[in-house]
$ cat entry.pdb   # PDB, N, CA and C atoms, pLDDT in the B column
ATOM      1  N   MET A   1     151.207 125.745 135.763  1.00 51.00           N
ATOM      2  CA  MET A   1     151.192 124.920 134.578  1.00 51.00           C
ATOM      3  C   MET A   1     150.244 123.735 134.750  1.00 51.00           C
ATOM      4  N   ASP A   2     149.861 123.462 136.001  1.00 53.00           N
ATOM      5  CA  ASP A   2     148.872 122.417 136.222  1.00 53.00           C
ATOM      6  C   ASP A   2     147.517 122.807 135.646  1.00 53.00           C
ATOM      7  N   LEU A   3     147.312 124.107 135.464  1.00 57.00           N
ATOM      8  CA  LEU A   3     146.052 124.592 134.919  1.00 57.00           C
ATOM      9  C   LEU A   3     146.076 124.618 133.398  1.00 57.00           C
ATOM     10  N   LYS A   4     147.101 124.054 132.804  1.00 64.00           N
ATOM     11  CA  LYS A   4     147.270 124.016 131.344  1.00 64.00           C
ATOM     12  C   LYS A   4     147.403 125.413 130.761  1.00 64.00           C
ATOM     13  N   ALA A   5     148.070 126.296 131.511  1.00 75.00           N
ATOM     14  CA  ALA A   5     148.296 127.651 131.025  1.00 75.00           C
ATOM     15  C   ALA A   5     149.292 127.628 129.864  1.00 75.00           C
ATOM     16  N   ASN A   6     149.195 128.603 129.004  1.00 86.00           N
ATOM     17  CA  ASN A   6     150.077 128.718 127.858  1.00 86.00           C
ATOM     18  C   ASN A   6     151.478 129.082 128.349  1.00 86.00           C
ATOM     19  N   LYS A   7     152.470 128.247 128.055  1.00 86.00           N
ATOM     20  CA  LYS A   7     153.834 128.476 128.530  1.00 86.00           C
ATOM     21  C   LYS A   7     154.427 129.774 127.993  1.00 86.00           C
ATOM     22  N   LYS A   8     154.055 130.143 126.772  1.00 90.00           N
ATOM     23  CA  LYS A   8     154.566 131.389 126.197  1.00 90.00           C
ATOM     24  C   LYS A   8     154.031 132.598 126.964  1.00 90.00           C
ATOM     25  N   MET A   9     152.785 132.534 127.414  1.00 89.00           N
ATOM     26  CA  MET A   9     152.207 133.635 128.176  1.00 89.00           C
ATOM     27  C   MET A   9     152.856 133.720 129.559  1.00 89.00           C
ATOM     28  N   ILE A  10     153.102 132.575 130.171  1.00 86.00           N
ATOM     29  CA  ILE A  10     153.786 132.550 131.465  1.00 86.00           C
ATOM     30  C   ILE A  10     155.186 133.119 131.306  1.00 86.00           C
ATOM     31  N   GLN A  11     155.881 132.706 130.243  1.00 90.00           N
ATOM     32  CA  GLN A  11     157.232 133.194 129.968  1.00 90.00           C
ATOM     33  C   GLN A  11     157.221 134.717 129.811  1.00 90.00           C
ATOM     34  N   HIS A  12     156.285 135.227 129.046  1.00 91.00           N
ATOM     35  CA  HIS A  12     156.208 136.671 128.808  1.00 91.00           C
ATOM     36  C   HIS A  12     155.942 137.428 130.105  1.00 91.00           C
ATOM     37  N   LYS A  13     155.033 136.925 130.935  1.00 87.00           N
ATOM     38  CA  LYS A  13     154.696 137.587 132.195  1.00 87.00           C
ATOM     39  C   LYS A  13     155.901 137.620 133.131  1.00 87.00           C
ATOM     40  N   ILE A  14     156.613 136.504 133.272  1.00 87.00           N
ATOM     41  CA  ILE A  14     157.781 136.467 134.152  1.00 87.00           C
ATOM     42  C   ILE A  14     158.870 137.396 133.629  1.00 87.00           C
ATOM     43  N   MET A  15     159.089 137.382 132.326  1.00 90.00           N
ATOM     44  CA  MET A  15     160.116 138.240 131.744  1.00 90.00           C
ATOM     45  C   MET A  15     159.775 139.719 131.920  1.00 90.00           C
ATOM     46  N   SER A  16     158.509 140.077 131.755  1.00 92.00           N
ATOM     47  CA  SER A  16     158.132 141.489 131.886  1.00 92.00           C
ATOM     48  C   SER A  16     158.201 141.952 133.343  1.00 92.00           C
ATOM     49  N   GLU A  17     157.903 141.061 134.287  1.00 90.00           N
ATOM     50  CA  GLU A  17     157.936 141.446 135.696  1.00 90.00           C
ATOM     51  C   GLU A  17     159.349 141.453 136.272  1.00 90.00           C
ATOM     52  N   SER A  18     160.187 140.506 135.830  1.00 88.00           N
ATOM     53  CA  SER A  18     161.527 140.402 136.413  1.00 88.00           C
ATOM     54  C   SER A  18     162.580 141.139 135.595  1.00 88.00           C
ATOM     55  N   GLY A  19     162.338 141.309 134.303  1.00 91.00           N
ATOM     56  CA  GLY A  19     163.323 141.937 133.436  1.00 91.00           C
ATOM     57  C   GLY A  19     164.454 140.998 133.052  1.00 91.00           C
ATOM     58  N   LYS A  20     164.296 139.720 133.374  1.00 89.00           N
ATOM     59  CA  LYS A  20     165.324 138.724 133.052  1.00 89.00           C
ATOM     60  C   LYS A  20     164.822 137.804 131.957  1.00 89.00           C
ATOM     61  N   ILE A  21     165.756 137.185 131.256  1.00 92.00           N
ATOM     62  CA  ILE A  21     165.415 136.254 130.194  1.00 92.00           C
ATOM     63  C   ILE A  21     165.039 134.915 130.815  1.00 92.00           C
ATOM     64  N   VAL A  22     163.882 134.397 130.417  1.00 89.00           N
ATOM     65  CA  VAL A  22     163.392 133.117 130.907  1.00 89.00           C
ATOM     66  C   VAL A  22     163.115 132.248 129.684  1.00 89.00           C
ATOM     67  N   THR A  23     163.725 131.077 129.649  1.00 92.00           N
ATOM     68  CA  THR A  23     163.494 130.163 128.524  1.00 92.00           C
ATOM     69  C   THR A  23     162.360 129.198 128.872  1.00 92.00           C
ATOM     70  N   LEU A  24     161.811 128.566 127.863  1.00 91.00           N
ATOM     71  CA  LEU A  24     160.778 127.573 128.097  1.00 91.00           C
ATOM     72  C   LEU A  24     161.345 126.385 128.873  1.00 91.00           C
ATOM     73  N   ASN A  25     162.639 126.116 128.681  1.00 91.00           N
ATOM     74  CA  ASN A  25     163.292 125.053 129.443  1.00 91.00           C
ATOM     75  C   ASN A  25     163.334 125.418 130.932  1.00 91.00           C
ATOM     76  N   ASP A  26     163.541 126.689 131.244  1.00 88.00           N
ATOM     77  CA  ASP A  26     163.508 127.142 132.639  1.00 88.00           C
ATOM     78  C   ASP A  26     162.139 126.865 133.256  1.00 88.00           C
ATOM     79  N   LEU A  27     161.088 127.161 132.516  1.00 85.00           N
ATOM     80  CA  LEU A  27     159.733 126.929 133.012  1.00 85.00           C
ATOM     81  C   LEU A  27     159.492 125.444 133.255  1.00 85.00           C
ATOM     82  N   SER A  28     159.990 124.619 132.373  1.00 87.00           N
ATOM     83  CA  SER A  28     159.847 123.177 132.534  1.00 87.00           C
ATOM     84  C   SER A  28     160.577 122.698 133.790  1.00 87.00           C
ATOM     85  N   ASN A  29     161.772 123.227 134.019  1.00 86.00           N
ATOM     86  CA  ASN A  29     162.536 122.858 135.210  1.00 86.00           C
ATOM     87  C   ASN A  29     161.834 123.303 136.482  1.00 86.00           C
ATOM     88  N   ILE A  30     161.258 124.497 136.465  1.00 82.00           N
ATOM     89  CA  ILE A  30     160.522 124.999 137.634  1.00 82.00           C
ATOM     90  C   ILE A  30     159.337 124.092 137.928  1.00 82.00           C
ATOM     91  N   HIS A  31     158.643 123.694 136.884  1.00 82.00           N
ATOM     92  CA  HIS A  31     157.479 122.818 137.049  1.00 82.00           C
ATOM     93  C   HIS A  31     157.897 121.471 137.627  1.00 82.00           C
ATOM     94  N   THR A  32     158.988 120.911 137.137  1.00 84.00           N
ATOM     95  CA  THR A  32     159.472 119.614 137.609  1.00 84.00           C
ATOM     96  C   THR A  32     159.889 119.688 139.071  1.00 84.00           C
ATOM     97  N   ILE A  33     160.603 120.731 139.441  1.00 84.00           N
ATOM     98  CA  ILE A  33     161.052 120.887 140.827  1.00 84.00           C
ATOM     99  C   ILE A  33     159.845 121.019 141.751  1.00 84.00           C
ATOM    100  N   GLY A  34     158.862 121.811 141.331  1.00 82.00           N
ATOM    101  CA  GLY A  34     157.653 121.977 142.136  1.00 82.00           C
ATOM    102  C   GLY A  34     156.913 120.671 142.325  1.00 82.00           C
ATOM    103  N   SER A  35     156.839 119.860 141.277  1.00 81.00           N
ATOM    104  CA  SER A  35     156.165 118.571 141.353  1.00 81.00           C
ATOM    105  C   SER A  35     156.900 117.633 142.297  1.00 81.00           C
ATOM    106  N   LYS A  36     158.224 117.640 142.247  1.00 83.00           N
ATOM    107  CA  LYS A  36     159.010 116.767 143.117  1.00 83.00           C
ATOM    108  C   LYS A  36     158.846 117.160 144.574  1.00 83.00           C
ATOM    109  N   LYS A  37     158.816 118.464 144.863  1.00 83.00           N
ATOM    110  CA  LYS A  37     158.641 118.918 146.244  1.00 83.00           C
ATOM    111  C   LYS A  37     157.271 118.515 146.765  1.00 83.00           C
ATOM    112  N   LYS A  38     156.248 118.630 145.912  1.00 82.00           N
ATOM    113  CA  LYS A  38     154.903 118.261 146.328  1.00 82.00           C
ATOM    114  C   LYS A  38     154.831 116.760 146.605  1.00 82.00           C
ATOM    115  N   LEU A  39     155.450 115.960 145.745  1.00 77.00           N
ATOM    116  CA  LEU A  39     155.453 114.520 145.951  1.00 77.00           C
ATOM    117  C   LEU A  39     156.190 114.147 147.230  1.00 77.00           C
ATOM    118  N   LEU A  40     157.314 114.791 147.487  1.00 76.00           N
ATOM    119  CA  LEU A  40     158.085 114.522 148.690  1.00 76.00           C
ATOM    120  C   LEU A  40     157.280 114.895 149.932  1.00 76.00           C
ATOM    121  N   PHE A  41     156.619 116.044 149.906  1.00 78.00           N
ATOM    122  CA  PHE A  41     155.806 116.476 151.033  1.00 78.00           C
ATOM    123  C   PHE A  41     154.683 115.480 151.298  1.00 78.00           C
ATOM    124  N   ASN A  42     154.008 115.033 150.237  1.00 79.00           N
ATOM    125  CA  ASN A  42     152.917 114.060 150.394  1.00 79.00           C
ATOM    126  C   ASN A  42     153.429 112.746 150.962  1.00 79.00           C
ATOM    127  N   LEU A  43     154.603 112.330 150.560  1.00 74.00           N
ATOM    128  CA  LEU A  43     155.197 111.104 151.083  1.00 74.00           C
ATOM    129  C   LEU A  43     155.498 111.236 152.564  1.00 74.00           C
ATOM    130  N   VAL A  44     156.064 112.364 152.964  1.00 76.00           N
ATOM    131  CA  VAL A  44     156.376 112.600 154.381  1.00 76.00           C
ATOM    132  C   VAL A  44     155.088 112.582 155.213  1.00 76.00           C
ATOM    133  N   VAL A  45     154.047 113.249 154.723  1.00 78.00           N
ATOM    134  CA  VAL A  45     152.770 113.272 155.447  1.00 78.00           C
ATOM    135  C   VAL A  45     152.215 111.853 155.564  1.00 78.00           C
ATOM    136  N   PHE A  46     152.286 111.096 154.493  1.00 75.00           N
ATOM    137  CA  PHE A  46     151.783 109.722 154.501  1.00 75.00           C
ATOM    138  C   PHE A  46     152.547 108.858 155.495  1.00 75.00           C
ATOM    139  N   LEU A  47     153.858 109.002 155.550  1.00 74.00           N
ATOM    140  CA  LEU A  47     154.670 108.196 156.441  1.00 74.00           C
ATOM    141  C   LEU A  47     154.474 108.572 157.915  1.00 74.00           C
ATOM    142  N   ARG A  48     154.064 109.787 158.176  1.00 78.00           N
ATOM    143  CA  ARG A  48     153.813 110.217 159.564  1.00 78.00           C
ATOM    144  C   ARG A  48     152.525 109.607 160.117  1.00 78.00           C
ATOM    145  N   ILE A  49     151.627 109.215 159.249  1.00 68.00           N
ATOM    146  CA  ILE A  49     150.333 108.669 159.691  1.00 68.00           C
ATOM    147  C   ILE A  49     150.499 107.291 160.279  1.00 68.00           C
TER
END

$ encode --input "entry.pdb" --output "structure tokens"
Amino acid sequence: MDLKANKKMIQHKIMSESGKIVTLNDLSNIHTIGSKKKLLFNLVVFLRI
């Protein structure tokens, strides 16, 4: 989603590959969790320096 991909296309691809229902809210939550993990990792790396 950092590449500004169309959320509906991402939703369709995940649903077709997994066979499970994926809501746009699910995609938003996945994006938020990924961003938080990246921020946490960057903070840990910074603090180790």

$ closest_residue --input "entry.pdb" --among "A:Thr32, A:Phe41, A:Thr23, A:Leu47" --to "A:Lys7" --atoms "only C-alpha atoms"
A:Thr23

$ atom_distance --input "entry.pdb" --atom1 "atom CA of A:Gly34" --atom2 "atom CA of A:Gly19"
22.5 Å

$ atom_distance --input "entry.pdb" --atom1 "atom N of A:Ile33" --atom2 "atom CA of A:Glu17"
21.2 Å

$ atom_distance --input "entry.pdb" --atom1 "atom CA of A:Ile30" --atom2 "atom CA of A:Val44"
21.2 Å

$ axis_aligned_box --input "entry.pdb" --around "stretch 8-23 of chain A" --padding-each-side "3 Å" --output "AutoDock Vina command-line options"
--center_x 159.0 --center_y 135.6 --center_z 131.3 --size_x 19.5 --size_y 18.8 --size_z 16.2

$ residues_around --input "entry.pdb" --residues "A:Ile10" --least-positions-apart "4" --cutoff "9 Å" --atoms "only C-alpha atoms" --output "NGL selection string"
:A and (1 or 5-6 or 14-15 or 27)

$ select_by_dssp --input "entry.pdb" --residues "chain A" --states "helix (DSSP H, G or I)" --output "PyMOL selection string"
chain A and resi 7-18+24-48
